[in-house]
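Written below as structure tokens is the structure these notes are about.
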Amino acid sequence: MTAAPPLRVVVGVATRLRPDGLRRLGETLAAQTGLDGVEPRLVVVDNDPAGSAREVADALAGSLGWPVTYEVEPDPGIPAVRRRIVTLALAADADALVFVDDDEQAPPHWLATLVGHWRRSGADAVTGPVRRRLPADAPAWARSSDLFDPTGRHTTGTRMSKGYTGNALVSRAVLDRLDVPFDDAFRHTGSSDLHFFLRAVREGFVVEWCEEAVVEETIGGARLTWGWYVRRAYRSGAGDTVARRLLAPGPRTTLEVLARAVLRTGHGVVLLPVALARPALRSLAVRRVASGVGTLAGLLGHNYEEYRRADSV
């Protein structure tokens with residue numbers, strides 16, 4: 001009996017000015033286990049026109065044991081970088097493309113678990129949790145927020161209505177179907193990945209959760225402040241609105257968005273007085289209010305441009 005050909009799996013990483021993070025990620029990729037029947041390849045696309053990640057990518061090419069492709073995408077903004085990753089994955093004749101961020105680390109079983117669930121389930125895409133590792137002195141409100149630790153929110157095999165590229169496998173079938181996969185409407189705001197997965201689900205593709213395929217990200221600095229937390233929740237709410245209106249403009253979507261904004265804001269407002277007595281609820285209450293306000297702001301065309309930079313056009 002002829003053995004099945006190996007699955008060609010591209011791991012795609014968008015990066016910009018994070019050489020240390022990319023290096024740490026590469027070290028964890030080199031430690032991946034259980035990849036029998038998988039032919040992995042690493043694709044790194046650098047959004048720094050100076051190509052500052054080239055040295056790290058070259059070092060990974062010598063140590064990883066996988067083929068490594070490195071390219072520079074000079075067009076600013078993560079949608080352009082993600083599109084280049086898709087193009088390179090298709091050129092490599094990939095059966096699946098796995099997205100992971102350049103500030104994350106992958107436990108040794110991660111890739112095999114993600115691919116294994118895809119093989120067994122027949123899903124078109126698989127996504128898993130990104131668990132944030134907080135420093136010992138992280139504030140209590142951050143430790144109680146599921147934004148920083150989304151594990152336990154879904155069981156393996158749950159069908160998802162959306163997804164994100166921090167930890168996701170996307171099959172070739174999805175990549176072939178969705179032209180211009182990441183929209184420039186989200187160049188400076190984020191949420192191009194949300195829009196991508198919403199499109200995939202709308203096209204009838206199945207996205208499943210795999211709780212065991214967890215990656216980790218170290219959190220610190222400005223991201224442990226209330227200011228960052230509120231801005232991120234606002235931006236996420238607005239991005240959700242923009243994505244849904246791009247997919248289905250019209251009064252029905254507007255009414256659905258309004259209902260979502262009322263529910264999110266109302267939930268947060270109801271929780272606020274309870275949270276005064278129960279500090280563990282404070283982060284949830286604040287996030288619900290900020291997300292609801294952002295959801296409404298998206299209807300007015302406003303969003304927080306978290307990723308705008310001086311060299312952007």
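The chains in the structure tokens are called A, B, ... from first to last as shown; in each chain the residues are counted from 1, and the ligands are counted from 1 in the order shown.
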Return as a PDB file with C-alpha atoms, in the first residue's frame the full set of residues in stretch 75-151 of chain A whose backbone-based DSSP assignment is strand (DSSP E).
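Generated file (selection01.pdb):
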```
ATOM      1  CA  ALA A  96      -2.568  24.480   4.952  1.00  0.00           C
ATOM      2  CA  LEU A  97      -1.278  27.797   6.255  1.00  0.00           C
ATOM      3  CA  VAL A  98      -0.751  28.270   9.982  1.00  0.00           C
ATOM      4  CA  PHE A  99      -0.635  31.801  11.357  1.00  0.00           C
ATOM      5  CA  VAL A 100       1.240  32.637  14.547  1.00  0.00           C
ATOM      6  CA  GLU A 104       4.301  34.293  20.795  1.00  0.00           C
ATOM      7  CA  GLN A 105       5.911  31.021  21.823  1.00  0.00           C
ATOM      8  CA  ALA A 125      -9.880  26.068   9.619  1.00  0.00           C
ATOM      9  CA  VAL A 126      -8.814  25.478  13.207  1.00  0.00           C
ATOM     10  CA  THR A 127      -8.088  28.097  15.838  1.00  0.00           C
ATOM     11  CA  VAL A 130      -3.439  32.527  22.983  1.00  0.00           C
ATOM     12  CA  ARG A 131      -2.626  32.422  26.682  1.00  0.00           C
ATOM     13  CA  ARG A 132      -0.892  35.566  27.910  1.00  0.00           C
ATOM     14  CA  ARG A 133       1.812  35.114  30.509  1.00  0.00           C
TER      15      ARG A 133
END
```
Could you tell me, as a PDB file with C-alpha atoms, in the first residue's frame, which residues of stretch 68-304 of chain A DSSP assigns to alpha helix (DSSP H) when given the backbone?
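Result saved to part-v8.pdb:
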```pdb
ATOM      1  CA  ILE A  78      -0.593  44.150   8.505  1.00  0.00           C
ATOM      2  CA  PRO A  79      -3.173  43.367   5.772  1.00  0.00           C
ATOM      3  CA  ALA A  80      -0.462  43.700   3.110  1.00  0.00           C
ATOM      4  CA  VAL A  81       1.886  41.482   5.122  1.00  0.00           C
ATOM      5  CA  ARG A  82      -0.755  38.802   5.604  1.00  0.00           C
ATOM      6  CA  ARG A  83      -1.620  38.877   1.897  1.00  0.00           C
ATOM      7  CA  ARG A  84       2.067  38.333   1.058  1.00  0.00           C
ATOM      8  CA  ILE A  85       2.158  35.374   3.446  1.00  0.00           C
ATOM      9  CA  VAL A  86      -0.854  33.854   1.680  1.00  0.00           C
ATOM     10  CA  THR A  87       0.781  34.403  -1.722  1.00  0.00           C
ATOM     11  CA  LEU A  88       3.976  32.680  -0.572  1.00  0.00           C
ATOM     12  CA  ALA A  89       2.034  29.789   0.959  1.00  0.00           C
ATOM     13  CA  LEU A  90       0.143  29.234  -2.283  1.00  0.00           C
ATOM     14  CA  ALA A  91       3.403  29.421  -4.247  1.00  0.00           C
ATOM     15  CA  TRP A 110       1.384  22.864  19.322  1.00  0.00           C
ATOM     16  CA  LEU A 111       1.748  22.398  15.573  1.00  0.00           C
ATOM     17  CA  ALA A 112       1.092  18.644  15.664  1.00  0.00           C
ATOM     18  CA  THR A 113      -2.026  19.246  17.756  1.00  0.00           C
ATOM     19  CA  LEU A 114      -3.355  21.918  15.416  1.00  0.00           C
ATOM     20  CA  VAL A 115      -2.684  19.818  12.301  1.00  0.00           C
ATOM     21  CA  GLY A 116      -3.992  16.674  13.980  1.00  0.00           C
ATOM     22  CA  HIS A 117      -7.321  18.289  14.816  1.00  0.00           C
ATOM     23  CA  TRP A 118      -7.621  19.560  11.245  1.00  0.00           C
ATOM     24  CA  ARG A 119      -6.953  16.067   9.864  1.00  0.00           C
ATOM     25  CA  ARG A 120      -9.437  14.331  12.148  1.00  0.00           C
ATOM     26  CA  SER A 121     -12.248  16.882  12.109  1.00  0.00           C
ATOM     27  CA  ALA A 140      -5.248  41.928  39.891  1.00  0.00           C
ATOM     28  CA  TRP A 141      -7.708  43.228  37.285  1.00  0.00           C
ATOM     29  CA  ALA A 142      -5.452  41.917  34.499  1.00  0.00           C
ATOM     30  CA  ARG A 143      -5.191  38.504  36.112  1.00  0.00           C
ATOM     31  CA  ARG A 172      -5.856  25.517   1.063  1.00  0.00           C
ATOM     32  CA  ALA A 173      -9.525  25.434   0.097  1.00  0.00           C
ATOM     33  CA  VAL A 174     -10.195  28.634   2.053  1.00  0.00           C
ATOM     34  CA  LEU A 175      -7.146  30.393   0.630  1.00  0.00           C
ATOM     35  CA  ASP A 176      -8.166  29.471  -2.916  1.00  0.00           C
ATOM     36  CA  ARG A 177     -11.715  30.747  -2.450  1.00  0.00           C
ATOM     37  CA  SER A 192      -8.445  42.294   9.078  1.00  0.00           C
ATOM     38  CA  ASP A 193      -8.136  38.739  10.442  1.00  0.00           C
ATOM     39  CA  LEU A 194     -11.602  38.938  12.004  1.00  0.00           C
ATOM     40  CA  HIS A 195     -12.995  40.094   8.652  1.00  0.00           C
ATOM     41  CA  PHE A 196     -11.183  37.208   6.911  1.00  0.00           C
ATOM     42  CA  PHE A 197     -12.698  34.578   9.176  1.00  0.00           C
ATOM     43  CA  LEU A 198     -16.164  36.134   9.048  1.00  0.00           C
ATOM     44  CA  ARG A 199     -15.913  35.924   5.247  1.00  0.00           C
ATOM     45  CA  ALA A 200     -14.842  32.291   5.445  1.00  0.00           C
ATOM     46  CA  VAL A 201     -17.807  31.348   7.637  1.00  0.00           C
ATOM     47  CA  ARG A 202     -20.132  33.307   5.365  1.00  0.00           C
ATOM     48  CA  TRP A 226      -6.267  50.551  32.021  1.00  0.00           C
ATOM     49  CA  GLY A 227      -5.681  52.969  29.136  1.00  0.00           C
ATOM     50  CA  TRP A 228      -4.424  50.258  26.789  1.00  0.00           C
ATOM     51  CA  TYR A 229      -7.122  47.861  27.937  1.00  0.00           C
ATOM     52  CA  VAL A 230      -9.946  50.310  27.241  1.00  0.00           C
ATOM     53  CA  ARG A 231      -8.517  51.330  23.848  1.00  0.00           C
ATOM     54  CA  ARG A 232      -8.137  47.685  22.818  1.00  0.00           C
ATOM     55  CA  ALA A 233     -11.725  46.870  23.785  1.00  0.00           C
ATOM     56  CA  TYR A 234     -12.991  49.974  21.957  1.00  0.00           C
ATOM     57  CA  ARG A 235     -10.947  49.103  18.864  1.00  0.00           C
ATOM     58  CA  SER A 236     -12.156  45.501  18.886  1.00  0.00           C
ATOM     59  CA  GLY A 237     -15.780  46.599  19.065  1.00  0.00           C
ATOM     60  CA  ALA A 238     -15.375  49.104  16.254  1.00  0.00           C
ATOM     61  CA  GLY A 239     -13.452  46.596  14.125  1.00  0.00           C
ATOM     62  CA  ASP A 240     -16.209  44.048  14.550  1.00  0.00           C
ATOM     63  CA  THR A 241     -18.759  46.580  13.280  1.00  0.00           C
ATOM     64  CA  VAL A 242     -16.666  47.622  10.283  1.00  0.00           C
ATOM     65  CA  ALA A 243     -16.029  43.980   9.337  1.00  0.00           C
ATOM     66  CA  ARG A 244     -19.698  43.025   9.460  1.00  0.00           C
ATOM     67  CA  ARG A 245     -20.819  46.092   7.501  1.00  0.00           C
ATOM     68  CA  LEU A 246     -18.241  45.403   4.791  1.00  0.00           C
ATOM     69  CA  LEU A 247     -19.600  41.892   4.431  1.00  0.00           C
ATOM     70  CA  PRO A 251     -30.258  48.157   7.354  1.00  0.00           C
ATOM     71  CA  ARG A 252     -30.336  44.578   8.670  1.00  0.00           C
ATOM     72  CA  THR A 253     -26.663  44.652   9.604  1.00  0.00           C
ATOM     73  CA  THR A 254     -27.055  48.115  11.097  1.00  0.00           C
ATOM     74  CA  LEU A 255     -29.883  46.883  13.336  1.00  0.00           C
ATOM     75  CA  GLU A 256     -27.847  43.825  14.370  1.00  0.00           C
ATOM     76  CA  VAL A 257     -24.872  46.032  15.228  1.00  0.00           C
ATOM     77  CA  LEU A 258     -27.063  48.393  17.245  1.00  0.00           C
ATOM     78  CA  ALA A 259     -28.470  45.446  19.191  1.00  0.00           C
ATOM     79  CA  ARG A 260     -24.961  44.132  19.836  1.00  0.00           C
ATOM     80  CA  ALA A 261     -23.817  47.573  21.030  1.00  0.00           C
ATOM     81  CA  VAL A 262     -26.755  47.863  23.427  1.00  0.00           C
ATOM     82  CA  LEU A 263     -26.207  44.375  24.820  1.00  0.00           C
ATOM     83  CA  ARG A 264     -22.476  44.876  25.346  1.00  0.00           C
ATOM     84  CA  THR A 265     -22.797  48.298  26.897  1.00  0.00           C
ATOM     85  CA  GLY A 266     -25.802  47.306  28.975  1.00  0.00           C
ATOM     86  CA  HIS A 267     -24.043  44.227  30.298  1.00  0.00           C
ATOM     87  CA  GLY A 268     -21.072  46.332  31.337  1.00  0.00           C
ATOM     88  CA  VAL A 269     -23.194  49.012  32.977  1.00  0.00           C
ATOM     89  CA  VAL A 270     -25.110  46.392  34.969  1.00  0.00           C
ATOM     90  CA  LEU A 271     -21.847  44.796  36.084  1.00  0.00           C
ATOM     91  CA  LEU A 272     -20.168  48.047  37.164  1.00  0.00           C
ATOM     92  CA  PRO A 273     -21.886  48.464  40.555  1.00  0.00           C
ATOM     93  CA  VAL A 274     -21.417  44.747  41.280  1.00  0.00           C
ATOM     94  CA  ALA A 275     -17.756  45.073  40.325  1.00  0.00           C
ATOM     95  CA  LEU A 276     -17.242  47.690  43.016  1.00  0.00           C
ATOM     96  CA  ALA A 277     -17.755  44.923  45.561  1.00  0.00           C
ATOM     97  CA  ARG A 282     -14.010  45.007  37.070  1.00  0.00           C
ATOM     98  CA  SER A 283     -12.037  44.114  33.957  1.00  0.00           C
ATOM     99  CA  LEU A 284     -15.071  42.415  32.402  1.00  0.00           C
ATOM    100  CA  ALA A 285     -17.392  45.334  33.184  1.00  0.00           C
ATOM    101  CA  VAL A 286     -14.995  47.932  31.767  1.00  0.00           C
ATOM    102  CA  ARG A 287     -14.305  45.846  28.660  1.00  0.00           C
ATOM    103  CA  ARG A 288     -17.992  45.343  27.954  1.00  0.00           C
ATOM    104  CA  VAL A 289     -18.709  49.069  28.166  1.00  0.00           C
ATOM    105  CA  ALA A 290     -15.698  50.048  26.033  1.00  0.00           C
ATOM    106  CA  SER A 291     -16.475  47.360  23.478  1.00  0.00           C
ATOM    107  CA  GLY A 292     -20.105  48.436  23.275  1.00  0.00           C
ATOM    108  CA  VAL A 293     -19.160  52.074  22.744  1.00  0.00           C
ATOM    109  CA  GLY A 294     -16.662  50.999  20.082  1.00  0.00           C
ATOM    110  CA  THR A 295     -19.305  48.857  18.389  1.00  0.00           C
ATOM    111  CA  LEU A 296     -21.546  51.916  18.104  1.00  0.00           C
ATOM    112  CA  ALA A 297     -18.653  54.143  16.985  1.00  0.00           C
ATOM    113  CA  GLY A 298     -17.977  51.741  14.124  1.00  0.00           C
ATOM    114  CA  LEU A 299     -21.405  52.597  12.712  1.00  0.00           C
TER     115      LEU A 299
END
```
Open item on the list: Applying 12 Å and only C-alpha atoms, which residues near A:Ala59 remain after dropping the ones on its own chain fewer than 4 positions away? List them as a list in words.
Closed with: Pro19, Leu22, Arg23, Arg24, Gly26, Glu27, Ala30, Ala53, Arg54, Glu55, Ser63, Leu64, Gly65, Trp66, Pro67, Val68, Thr69 and Tyr70 of chain A
File dump, residues just selected, N, CA and C atoms, as an mmCIF file, in the first residue's frame:
```
data_model
loop_
_atom_site.group_PDB
_atom_site.id
_atom_site.type_symbol
_atom_site.label_atom_id
_atom_site.label_comp_id
_atom_site.auth_asym_id
_atom_site.auth_seq_id
_atom_site.Cartn_x
_atom_site.Cartn_y
_atom_site.Cartn_z
ATOM 1 N N PRO A 19 12.842 41.600 16.581
ATOM 2 C CA PRO A 19 13.803 40.511 16.337
ATOM 3 C C PRO A 19 13.894 39.524 17.494
ATOM 4 N N LEU A 22 10.799 37.278 17.424
ATOM 5 C CA LEU A 22 10.891 36.343 16.307
ATOM 6 C C LEU A 22 11.898 35.242 16.617
ATOM 7 N N ARG A 23 13.004 35.607 17.241
ATOM 8 C CA ARG A 23 14.021 34.612 17.595
ATOM 9 C C ARG A 23 13.469 33.603 18.602
ATOM 10 N N ARG A 24 12.758 34.108 19.622
ATOM 11 C CA ARG A 24 12.187 33.202 20.623
ATOM 12 C C ARG A 24 11.139 32.286 19.992
ATOM 13 N N GLY A 26 11.095 31.314 16.889
ATOM 14 C CA GLY A 26 11.834 30.339 16.091
ATOM 15 C C GLY A 26 12.405 29.218 16.926
ATOM 16 N N GLU A 27 12.882 29.549 18.114
ATOM 17 C CA GLU A 27 13.427 28.520 19.006
ATOM 18 C C GLU A 27 12.348 27.520 19.405
ATOM 19 N N ALA A 30 11.572 25.214 16.482
ATOM 20 C CA ALA A 30 12.601 24.195 16.316
ATOM 21 C C ALA A 30 12.380 23.017 17.258
ATOM 22 N N ALA A 53 14.583 42.093 10.086
ATOM 23 C CA ALA A 53 14.425 40.720 10.572
ATOM 24 C C ALA A 53 15.223 39.718 9.748
ATOM 25 N N ARG A 54 15.925 40.180 8.730
ATOM 26 C CA ARG A 54 16.622 39.246 7.829
ATOM 27 C C ARG A 54 17.663 38.402 8.576
ATOM 28 N N GLU A 55 18.411 39.043 9.463
ATOM 29 C CA GLU A 55 19.459 38.310 10.175
ATOM 30 C C GLU A 55 18.874 37.179 11.009
ATOM 31 N N SER A 63 19.142 26.804 11.570
ATOM 32 C CA SER A 63 18.958 26.016 12.783
ATOM 33 C C SER A 63 17.617 25.290 12.876
ATOM 34 N N LEU A 64 16.638 25.720 12.133
ATOM 35 C CA LEU A 64 15.283 25.213 12.318
ATOM 36 C C LEU A 64 15.104 23.795 11.782
ATOM 37 N N GLY A 65 15.771 23.505 10.662
ATOM 38 C CA GLY A 65 15.562 22.202 10.046
ATOM 39 C C GLY A 65 14.402 22.179 9.074
ATOM 40 N N TRP A 66 13.739 23.311 8.882
ATOM 41 C CA TRP A 66 12.682 23.461 7.891
ATOM 42 C C TRP A 66 13.177 24.425 6.811
ATOM 43 N N PRO A 67 12.604 24.364 5.603
ATOM 44 C CA PRO A 67 12.846 25.445 4.640
ATOM 45 C C PRO A 67 12.306 26.760 5.202
ATOM 46 N N VAL A 68 13.038 27.834 4.999
ATOM 47 C CA VAL A 68 12.633 29.148 5.505
ATOM 48 C C VAL A 68 12.627 30.136 4.338
ATOM 49 N N THR A 69 11.513 30.841 4.191
ATOM 50 C CA THR A 69 11.410 31.905 3.192
ATOM 51 C C THR A 69 11.267 33.230 3.923
ATOM 52 N N TYR A 70 12.079 34.206 3.541
ATOM 53 C CA TYR A 70 12.012 35.545 4.144
ATOM 54 C C TYR A 70 11.819 36.563 3.038
#
```
Which residues of stretch 99-198 of chain A come within 9 Å of stretch 221-225 of chain A, and for each one, what is the closest pair of atoms and their distance in Å to one decimal, counting only C-alpha atoms, sorted by chain and residue number, as CSV?
```
residue,atom,partner,partner_atom,distance
A:Leu134,CA,A:Leu224,CA,8.8
A:Ala138,CA,A:Leu224,CA,7.0
A:Pro139,CA,A:Leu224,CA,7.4
A:Ala142,CA,A:Leu224,CA,6.8
```
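Proximity to A:Leu17 at 10 Å, evaluated using only C-alpha atoms and with sequence-adjacent residues fewer than 6 positions away removed, yields Asp46, Asn47, Asp48, Ala50, Gly51, Ser52, Ala53 and Asp102 of chain A.
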